[in-house]
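Enquirer: This is model.txt (compact mmCIF, C-alpha atoms and all ligand atoms).
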# COMPACT_ATOMS: atom_id res chain seq x y z
CA MET A 1 280.58 -74.44 143.14
CA TYR A 2 282.27 -71.58 141.29
CA ASP A 3 285.63 -70.26 142.38
CA VAL A 4 284.59 -66.70 141.57
CA ALA A 5 281.16 -65.15 141.06
CA VAL A 6 281.23 -61.64 139.60
CA VAL A 7 278.16 -59.46 140.03
CA GLY A 8 277.96 -57.17 137.00
CA GLY A 9 279.23 -57.53 133.45
CA GLY A 10 280.64 -54.04 132.92
CA PRO A 11 284.31 -53.22 132.31
CA ALA A 12 285.23 -53.81 135.99
CA GLY A 13 283.38 -57.11 136.29
CA LEU A 14 284.51 -58.54 132.97
CA THR A 15 288.13 -57.55 133.62
CA ALA A 16 287.93 -59.30 137.00
CA ALA A 17 286.46 -62.33 135.25
CA ILE A 18 289.22 -62.38 132.61
CA TYR A 19 291.96 -62.19 135.25
CA SER A 20 290.31 -64.95 137.28
CA VAL A 21 289.68 -67.33 134.39
CA ARG A 22 293.25 -66.89 133.14
CA ALA A 23 294.36 -68.00 136.63
CA ASN A 24 292.48 -71.23 135.96
CA ARG A 25 289.45 -70.41 138.12
CA LYS A 26 285.87 -71.40 137.35
CA VAL A 27 284.16 -68.06 136.86
CA LEU A 28 280.55 -66.96 136.62
CA VAL A 29 279.45 -63.44 135.70
CA LEU A 30 275.88 -62.44 136.59
CA GLU A 31 274.63 -59.49 134.56
CA ALA A 32 271.15 -57.99 134.87
CA ALA A 33 270.91 -56.41 131.41
CA ALA A 34 273.58 -56.20 128.71
CA CYS A 35 277.32 -56.71 129.12
CA GLY A 36 279.44 -53.58 128.91
CA GLY A 37 277.75 -51.59 131.69
CA GLN A 38 277.30 -47.86 131.40
CA ILE A 39 279.94 -47.56 128.71
CA ILE A 40 277.62 -49.01 126.06
CA ASN A 41 275.71 -45.72 126.21
CA THR A 42 278.81 -43.74 125.27
CA THR A 43 279.03 -42.77 121.62
CA GLU A 44 282.77 -42.74 121.32
CA ILE A 45 285.62 -43.65 123.67
CA GLU A 46 288.78 -41.66 123.07
CA ASN A 47 290.56 -41.92 126.39
CA TYR A 48 291.26 -45.63 126.75
CA PRO A 49 294.94 -46.36 126.12
CA ALA A 50 295.81 -47.93 122.75
CA THR A 51 292.18 -47.71 121.65
CA PRO A 52 292.06 -44.37 119.82
CA LYS A 53 288.45 -44.63 118.65
CA ILE A 54 285.81 -47.20 119.51
CA THR A 55 282.10 -46.90 120.29
CA GLY A 56 280.93 -47.86 123.78
CA LEU A 57 278.81 -50.62 122.31
CA GLU A 58 281.75 -52.12 120.40
CA PHE A 59 283.87 -51.92 123.52
CA GLY A 60 281.27 -53.81 125.57
CA GLN A 61 280.72 -56.45 122.90
CA THR A 62 284.46 -57.00 122.39
CA LEU A 63 285.02 -57.33 126.12
CA GLN A 64 282.17 -59.82 126.48
CA LYS A 65 283.51 -61.95 123.60
CA GLN A 66 287.03 -61.83 125.03
CA ALA A 67 285.75 -63.08 128.40
CA GLU A 68 283.56 -65.81 126.88
CA ASP A 69 286.34 -67.00 124.54
CA LEU A 70 288.56 -67.45 127.59
CA GLY A 71 285.92 -69.60 129.30
CA VAL A 72 283.96 -67.18 131.50
CA GLU A 73 280.32 -68.23 131.96
CA ILE A 74 277.81 -65.39 131.77
CA GLU A 75 274.20 -65.60 132.98
CA PHE A 76 271.74 -62.77 132.45
CA GLU A 77 270.07 -62.60 135.83
CA THR A 78 269.60 -59.95 138.49
CA VAL A 79 271.35 -60.67 141.77
CA GLU A 80 269.04 -60.01 144.70
CA LYS A 81 271.06 -61.16 147.70
CA ILE A 82 274.49 -62.48 148.62
CA ILE A 83 274.74 -64.50 151.80
CA ASP A 84 278.06 -65.13 153.51
CA LYS A 85 278.09 -68.82 154.44
CA GLY A 86 281.65 -68.75 155.77
CA ASP A 87 283.47 -71.17 153.40
CA TYR A 88 281.45 -69.97 150.46
CA LYS A 89 278.98 -67.26 149.41
CA LEU A 90 275.44 -67.99 148.27
CA VAL A 91 274.43 -65.71 145.42
CA LYS A 92 270.68 -65.53 144.96
CA THR A 93 269.12 -64.23 141.76
CA GLU A 94 265.42 -63.83 141.01
CA ASP A 95 265.24 -67.41 139.64
CA ASP A 96 268.28 -69.25 140.85
CA GLN A 97 271.11 -69.47 143.32
CA TYR A 98 274.82 -70.08 142.89
CA ARG A 99 277.65 -70.98 145.26
CA ALA A 100 281.06 -69.37 144.94
CA LYS A 101 284.20 -69.29 147.05
CA VAL A 102 284.59 -65.57 146.48
CA VAL A 103 282.37 -62.81 145.12
CA ILE A 104 283.44 -59.69 143.28
CA LEU A 105 280.85 -56.93 143.34
CA ALA A 106 281.01 -54.87 140.17
CA CYS A 107 277.36 -53.87 140.03
CA GLY A 108 277.91 -50.21 139.12
CA THR A 109 275.46 -47.39 139.50
CA GLU A 110 272.07 -46.26 138.22
CA PRO A 111 270.90 -42.77 137.24
CA ARG A 112 269.84 -40.39 139.99
CA THR A 113 266.32 -39.17 139.36
CA LEU A 114 264.84 -35.74 140.06
CA SER A 115 262.15 -37.28 142.30
CA LEU A 116 259.44 -35.22 140.61
CA ASP A 117 255.80 -36.12 140.10
CA ASN A 118 255.27 -37.66 136.64
CA GLU A 119 258.97 -38.51 136.31
CA SER A 120 258.43 -42.26 136.07
CA LYS A 121 255.25 -41.78 134.00
CA PHE A 122 257.18 -39.71 131.42
CA THR A 123 260.28 -41.91 131.41
CA GLY A 124 260.51 -43.07 127.81
CA ARG A 125 257.89 -40.44 126.91
CA GLY A 126 260.14 -37.41 126.95
CA VAL A 127 262.18 -38.02 130.07
CA SER A 128 265.44 -39.85 129.46
CA TYR A 129 268.63 -40.64 131.38
CA CYS A 130 270.75 -41.33 128.31
CA ALA A 131 271.18 -38.97 125.36
CA THR A 132 273.13 -41.44 123.25
CA CYS A 133 270.29 -43.96 123.68
CA ASP A 134 267.34 -41.64 123.02
CA GLY A 135 268.73 -38.45 121.46
CA SER A 136 268.01 -39.49 117.88
CA PHE A 137 264.24 -39.45 118.61
CA TYR A 138 264.51 -35.68 118.98
CA LYS A 139 266.17 -34.59 115.73
CA SER A 140 265.42 -30.89 115.07
CA ARG A 141 263.29 -30.72 118.24
CA THR A 142 263.73 -28.75 121.46
CA VAL A 143 265.36 -30.59 124.35
CA ALA A 144 266.79 -29.81 127.77
CA VAL A 145 269.66 -31.39 129.66
CA ASN A 146 269.78 -31.09 133.43
CA GLY A 147 273.10 -31.31 135.27
CA GLY A 148 276.51 -29.70 135.50
CA GLY A 149 278.93 -32.63 135.44
CA ASN A 150 280.80 -34.21 132.55
CA THR A 151 277.86 -36.41 131.65
CA ALA A 152 275.49 -33.45 131.28
CA LEU A 153 278.06 -31.48 129.27
CA GLN A 154 278.77 -34.40 126.95
CA GLU A 155 275.09 -35.13 126.51
CA ALA A 156 274.38 -31.48 125.68
CA LEU A 157 277.18 -31.51 123.08
CA TYR A 158 275.90 -34.72 121.57
CA LEU A 159 272.34 -33.39 121.40
CA ALA A 160 273.44 -30.03 119.97
CA ASP A 161 274.45 -31.86 116.80
CA MET A 162 270.96 -33.17 116.18
CA ALA A 163 268.36 -31.20 118.13
CA GLY A 164 267.02 -27.84 117.01
CA LYS A 165 267.57 -26.29 120.43
CA VAL A 166 269.23 -27.48 123.64
CA TYR A 167 268.70 -25.88 127.04
CA LEU A 168 271.44 -26.79 129.50
CA ILE A 169 269.97 -26.38 132.95
CA HIS A 170 272.25 -26.44 135.98
CA ARG A 171 271.50 -25.61 139.59
CA ARG A 172 274.64 -23.51 140.08
CA ASP A 173 276.30 -20.82 137.94
CA GLU A 174 279.49 -22.81 137.44
CA PHE A 175 280.02 -26.27 136.11
CA ARG A 176 281.58 -29.17 137.92
CA GLY A 177 282.46 -30.73 134.55
CA ASN A 178 285.43 -30.13 132.28
CA GLN A 179 285.95 -26.51 131.13
CA ALA A 180 286.98 -27.63 127.64
CA LEU A 181 283.50 -29.10 127.20
CA VAL A 182 281.91 -25.89 128.52
CA GLN A 183 283.89 -23.88 125.94
CA LYS A 184 282.77 -26.19 123.14
CA LEU A 185 279.16 -25.76 124.23
CA LYS A 186 279.49 -21.97 124.32
CA LYS A 187 280.37 -22.05 120.62
CA LYS A 188 277.14 -23.86 119.71
CA ASP A 189 274.46 -21.46 118.43
CA ASN A 190 271.62 -23.76 119.42
CA VAL A 191 272.68 -24.25 123.07
CA GLU A 192 271.27 -21.95 125.75
CA PHE A 193 272.67 -22.07 129.28
CA VAL A 194 270.04 -21.84 132.01
CA LEU A 195 272.07 -21.43 135.19
CA SER A 196 271.19 -21.26 138.88
CA ALA A 197 268.00 -23.06 137.95
CA ASN A 198 266.20 -26.20 139.06
CA VAL A 199 263.62 -28.24 137.24
CA VAL A 200 260.61 -28.25 139.55
CA ALA A 201 257.81 -29.77 137.47
CA LEU A 202 257.29 -31.96 134.44
CA ASN A 203 254.17 -31.06 132.48
CA GLY A 204 252.17 -32.85 129.84
CA ASP A 205 249.32 -35.18 129.28
CA ARG A 206 250.52 -38.50 127.88
CA LYS A 207 254.06 -37.32 127.17
CA LEU A 208 256.34 -34.52 128.30
CA GLU A 209 255.34 -31.17 126.77
CA SER A 210 257.10 -28.66 128.99
CA ILE A 211 259.11 -28.28 132.16
CA THR A 212 258.81 -25.71 134.90
CA ILE A 213 262.05 -24.30 136.20
CA SER A 214 262.75 -22.21 139.24
CA GLN A 215 265.44 -19.59 138.72
CA ASN A 216 266.41 -16.78 141.07
CA GLY A 217 263.15 -17.10 142.97
CA GLU A 218 260.94 -17.08 139.87
CA THR A 219 259.31 -19.95 138.05
CA LYS A 220 258.92 -20.21 134.32
CA GLU A 221 257.85 -22.79 131.81
CA LEU A 222 260.06 -24.05 128.98
CA LYS A 223 258.42 -25.92 126.10
CA VAL A 224 260.54 -28.99 125.46
CA ASP A 225 260.06 -32.29 123.69
CA ALA A 226 262.51 -34.06 125.96
CA LEU A 227 264.41 -33.66 129.20
CA PHE A 228 267.68 -35.54 129.62
CA VAL A 229 268.43 -35.94 133.30
CA ALA A 230 272.18 -36.17 133.98
CA ILE A 231 272.51 -35.34 137.66
CA GLY A 232 274.83 -38.13 138.70
CA ARG A 233 274.43 -41.77 139.50
CA ILE A 234 273.70 -43.81 142.61
CA PRO A 235 275.46 -47.03 143.58
CA LYS A 236 273.57 -50.30 143.36
CA ALA A 237 275.00 -52.02 146.42
CA LYS A 238 272.33 -51.20 148.99
CA GLY A 239 270.76 -54.27 150.57
CA LEU A 240 272.81 -56.72 148.52
CA VAL A 241 274.97 -58.07 151.36
CA ASP A 242 274.06 -57.84 155.04
CA GLY A 243 276.81 -56.14 157.04
CA LEU A 244 278.64 -54.76 153.98
CA LYS A 245 280.27 -51.43 154.85
CA LEU A 246 279.03 -48.59 152.64
CA ASP A 247 279.95 -44.92 152.76
CA GLU A 248 277.40 -42.15 153.41
CA TYR A 249 276.40 -42.12 149.71
CA GLY A 250 276.01 -45.90 149.46
CA PHE A 251 279.30 -46.68 147.70
CA VAL A 252 281.11 -49.78 148.95
CA ASP A 253 283.75 -48.71 151.41
CA ALA A 254 286.91 -50.50 150.33
CA GLY A 255 290.44 -49.27 149.81
CA GLU A 256 292.66 -49.54 146.76
CA ASN A 257 293.02 -53.32 147.34
CA CYS A 258 289.28 -53.64 146.62
CA ALA A 259 288.73 -55.86 149.70
CA THR A 260 285.49 -55.16 151.56
CA ASN A 261 284.96 -55.64 155.28
CA ILE A 262 283.56 -59.12 154.56
CA PRO A 263 286.25 -61.76 153.93
CA GLY A 264 285.87 -63.20 150.44
CA ILE A 265 283.82 -60.30 149.08
CA PHE A 266 285.66 -57.84 146.86
CA VAL A 267 284.47 -54.77 144.97
CA ALA A 268 285.46 -53.22 141.66
CA GLY A 269 284.47 -50.27 139.50
CA ASP A 270 282.04 -47.42 139.95
CA VAL A 271 280.25 -48.98 142.93
CA ARG A 272 283.44 -48.68 145.01
CA LYS A 273 284.09 -45.53 147.03
CA LYS A 274 286.74 -43.73 144.99
CA GLU A 275 287.80 -40.41 143.52
CA ILE A 276 287.83 -41.08 139.79
CA ARG A 277 285.21 -43.13 137.98
CA GLN A 278 286.50 -43.79 134.52
CA LEU A 279 286.76 -46.77 132.19
CA VAL A 280 290.44 -47.13 132.92
CA THR A 281 289.95 -47.03 136.70
CA ALA A 282 287.13 -49.59 136.42
CA THR A 283 289.29 -52.09 134.52
CA SER A 284 292.15 -51.39 136.93
CA ASP A 285 289.87 -52.23 139.86
CA GLY A 286 288.80 -55.43 138.10
CA ALA A 287 292.41 -56.60 137.84
CA ILE A 288 293.14 -55.69 141.46
CA ALA A 289 289.98 -57.28 142.86
CA ALA A 290 290.62 -60.51 140.94
CA THR A 291 294.23 -60.68 142.09
CA GLU A 292 293.27 -60.04 145.72
CA ALA A 293 290.52 -62.67 145.39
CA LEU A 294 293.09 -65.20 144.12
CA ASN A 295 295.32 -64.47 147.12
CA PHE A 296 292.34 -64.93 149.44
CA ASP A 297 291.38 -68.23 147.80
CA ARG A 298 294.95 -69.58 148.22
CA LYS A 299 295.01 -68.88 151.96
P1 LIG B 301 278.60 -35.70 138.63
O1 LIG B 301 279.98 -35.32 138.21
O2 LIG B 301 278.36 -36.18 140.02
O3 LIG B 301 277.67 -34.43 138.33
C1 LIG B 301 276.34 -34.43 138.71
C2 LIG B 301 275.77 -33.05 138.41
O4 LIG B 301 274.40 -33.04 138.71
C3 LIG B 301 276.43 -31.95 139.23
O5 LIG B 301 276.63 -30.82 138.42
C4 LIG B 301 275.41 -31.67 140.32
O6 LIG B 301 275.35 -30.33 140.68
C5 LIG B 301 274.10 -31.99 139.62
N1 LIG B 301 273.08 -32.50 140.54
C6 LIG B 301 273.19 -33.50 141.47
N2 LIG B 301 272.02 -33.70 142.08
C7 LIG B 301 271.15 -32.82 141.55
C8 LIG B 301 269.79 -32.53 141.77
N3 LIG B 301 269.06 -33.22 142.66
N4 LIG B 301 269.21 -31.55 141.03
C9 LIG B 301 269.92 -30.86 140.12
N5 LIG B 301 271.23 -31.08 139.86
C10 LIG B 301 271.84 -32.05 140.57
O7 LIG B 301 277.98 -36.86 137.70
P2 LIG B 301 278.29 -37.24 136.20
O8 LIG B 301 278.33 -36.04 135.33
O9 LIG B 301 277.34 -38.34 135.86
O10 LIG B 301 279.75 -37.86 136.26
C11 LIG B 301 280.05 -38.96 137.14
C12 LIG B 301 281.56 -39.24 137.06
O11 LIG B 301 281.89 -39.75 135.76
C13 LIG B 301 282.39 -37.99 137.25
O12 LIG B 301 283.55 -38.32 137.95
C14 LIG B 301 282.70 -37.57 135.85
O13 LIG B 301 283.85 -36.77 135.72
C15 LIG B 301 282.86 -38.92 135.17
N6 LIG B 301 282.60 -38.79 133.73
C16 LIG B 301 283.68 -38.61 132.91
C17 LIG B 301 283.48 -38.48 131.54
C18 LIG B 301 284.67 -38.29 130.64
O14 LIG B 301 284.58 -38.51 129.46
N7 LIG B 301 285.79 -37.88 131.14
C19 LIG B 301 282.20 -38.52 131.01
C20 LIG B 301 281.12 -38.67 131.87
C21 LIG B 301 281.34 -38.80 133.25
P3 LIG B 301 276.51 -29.63 141.56
O15 LIG B 301 277.66 -29.46 140.62
O16 LIG B 301 275.89 -28.38 142.00
O17 LIG B 301 276.81 -30.60 142.67
Let's see the structure in the file written out as structure tokens.
Expert:
Amino acid sequence: MYDVAVVGGGPAGLTAAIYSVRANRKVLVLEAAACGGQIINTTEIENYPATPKITGLEFGQTLQKQAEDLGVEIEFETVEKIIDKGDYKLVKTEDDQYRAKVVILACGTEPRTLSLDNESKFTGRGVSYCATCDGSFYKSRTVAVNGGGNTALQEALYLADMAGKVYLIHRRDEFRGNQALVQKLKKKDNVEFVLSANVVALNGDRKLESITISQNGETKELKVDALFVAIGRIPKAKGLVDGLKLDEYGFVDAGENCATNIPGIFVAGDVRKKEIRQLVTATSDGAIAATEALNFDRK
């Protein structure tokens, strides 16, 4: 029996694990892919206090090592179901099951897709959800980024430094993301803004060759080698715990104390309903969720 099982090895989950293990708890982190979460796809982190410049990958690796050195156990398995057994929670993965007194959900989000025909067929063949992961395949080529938030703006900036041409396609004529990023993009000669436009079709044979956009009631085709979809992310909590209260978008409905409606189940990071999803708010949640979990365990 573990004292604490943490679902997700991103900044929120690993921070929760570090706080728990330092309080002398037996802690298991279950991570589906690689530790570090979304942040490992970020080229450079500049806004984490006392860490002026670090790559996302380095941040994730350092955090993982810090947790392991302190005694956190990490298993690379996908959690499929968490069952509340009263005194303990049963955490079922695809191959195994674990018992823990408390569970901290820090399972994050996944990219929202455009829900277009061919989208899954072309994923990895021109359609990507991560410019820092796949951008370098398109040096000097023509690419498009779809979205108007900070992710889309940052991805367009990143791609502008390597691609020949970047179309930035957004469904409205103003951006939700940071204006400073918009201004930087406006100064790039190889970036073209395509506003009030939606991507309506992905064309090609074995890989993406062009996209069709709809703009002001007209459709037109843009030849592109890649489309980077950056239209937000969806929480990964659906179906994980029966009876868990989610908001209308599927984020776990818990207040600032990170306690869910199910006693002994806490939530931290991007999967929690909250205003600001940043590295610093994820780690903050991790500390709070772990501390609340310790208080629960003592009762
Ligand atoms: P986001 O802020 O939710 O933006 C998603 C964008 O996609 C919006 O512009 C939205 O358009 C558009 N969109 C949504 N669904 C669409 C659809 N079906 N078709 C076309 N466009 C669609 O998501 P995000 O950019 O991934 O950012 C998530 C959070 O992380 C935000 O809080 C963001 O500030 C934060 N973030 C911060 C940084 C940083 O360095 N500070 C970097 C990245 C992300 P509308 O605007 O019309 O709704």
Enquirer: To one decimal place, how far is atom C19 of ligand LIG 301 (chain B) from CA of Ala230 in chain A in Å?
Expert: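 Going from atom C19 of ligand LIG 301 (chain B) over to CA of Ala230 in chain A, I get 10.7 Å.
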Enquirer: Can you pull out the residues contacting range 110-118 of chain A? Cut-off 12 Å, using all atoms listed in the file, and skip same-chain residues under 3 positions away; I want them as a ChimeraX atom specification.
Expert: /A:37-38,107,121-130,146-147,151-152,198-212,227-238,249-251,270-271
Enquirer: Where's the centre, and what are the edge lengths in Å to one decimal, of a box along x, y and z enclosing all listed atoms of ligand LIG 301 (chain B) padded 8 Å per side, as AutoDock Vina command-line options?
Expert:
--center_x 277.4 --center_y -34.1 --center_z 136.1 --size_x 32.7 --size_y 27.4 --size_z 29.2
Enquirer: Find the distance between atom O13 of ligand LIG 301 (chain B) and CA of Gly177 in chain A and write it in Å to one decimal.
Expert: 6.3 Å
Enquirer: Between CA of Asp95 in chain A and CA of Asp285 in chain A, what is the distance, to one decimal in Å?
Expert: 28.9 Å
Enquirer: Using all atoms listed in the file, which protein or nucleic acid residues come within 9 Å of Ser136 in chain A? Drop anything in the same chain fewer than 6 positions from it, and give the result as a compact mmCIF listing (two decimals) with C-alpha atoms, in the frame of the given file.
Expert:
# COMPACT_ATOMS: atom_id res chain seq x y z
CA LEU A 159 272.34 -33.39 121.40
CA MET A 162 270.96 -33.17 116.18
CA ALA A 163 268.36 -31.20 118.13
Enquirer: I'd like the neighbourhood of Phe266 in chain A as a PyMOL selection string, where a residue qualifies if any of its atoms comes within 9 Å (using only C-alpha atoms), though same-chain residues fewer than 6 positions away should be ignored.
Expert: chain A and resi 102-106+254+257-260+289-290+292-293
Enquirer: Would you mind listing what lies within 12 Å of Glu73 in chain A as a list of chain:residue names, with all atoms listed in the file counted and same-chain residues fewer than 5 positions away left out?
Expert: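 The residues satisfying every condition are A:Tyr2, A:Asp3, A:Val4, A:Ala5, A:Val6, A:Gly9, A:Leu14, A:Ala17, A:Ile18, A:Ser20, A:Val21, A:Arg25, A:Lys26, A:Val27, A:Leu28, A:Val29, A:Leu30, A:Glu31, A:Gln64, A:Lys65, A:Gln66, A:Ala67, A:Glu68.
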Enquirer: Of the candidates A:Val191, A:Ala282, A:Ala226, A:Val241, which one gets nearest to Gly135 in chain A if we count only C-alpha atoms?
Expert: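 Ranked by minimum distance to Gly135 in chain A, first place goes to A:Ala226.
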Enquirer: Give the answer as one residue: which of A:Ile262, A:Ala180, A:Ile288, A:Leu246 has the shortest atom-to-atom distance to ligand LIG 301 (chain B), using only C-alpha atoms and all ligand atoms?
Expert: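 Nearest to ligand LIG 301 (chain B): A:Ala180.
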Enquirer: In terms of the shortest atom-to-atom distance over only C-alpha atoms, which of A:Ala197, A:Ile213, A:Leu185, A:Ile265 is closest to Leu153 in chain A?
Expert: A:Leu185
Enquirer: Give the answer as one residue: which of A:Ser140, A:Ser120, A:Asn178, A:Ser214 has the shortest atom-to-atom distance to ligand LIG 301 (chain B), using all atoms listed in the file?
Expert: A:Asn178
Enquirer: For Thr291 in chain A, find every residue with an atom within 9 Å (counting all atoms listed in the file), except residues of its own chain fewer than 4 positions away, and show them as a PDB file with C-alpha atoms, in the frame of the given file.
Expert:
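Written output follows (result_13.pdb):
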ATOM      1  CA  ALA A  16     287.930 -59.300 137.000  1.00  0.00           C
ATOM      2  CA  TYR A  19     291.960 -62.190 135.250  1.00  0.00           C
ATOM      3  CA  SER A  20     290.310 -64.950 137.280  1.00  0.00           C
ATOM      4  CA  GLY A 286     288.800 -55.430 138.100  1.00  0.00           C
ATOM      5  CA  ALA A 287     292.410 -56.600 137.840  1.00  0.00           C
ATOM      6  CA  ASN A 295     295.320 -64.470 147.120  1.00  0.00           C
ATOM      7  CA  PHE A 296     292.340 -64.930 149.440  1.00  0.00           C
TER       8      PHE A 296
END
Enquirer: Could you check the closest approach to ligand LIG 301 (chain B) for each of A:Gly8, A:Tyr138, A:Leu63, A:Asn47 and tell me which residue wins, using only C-alpha atoms and all ligand atoms?
Expert: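 Ranking A:Gly8, A:Tyr138, A:Leu63, A:Asn47 by distance to ligand LIG 301 (chain B), first place goes to A:Asn47.
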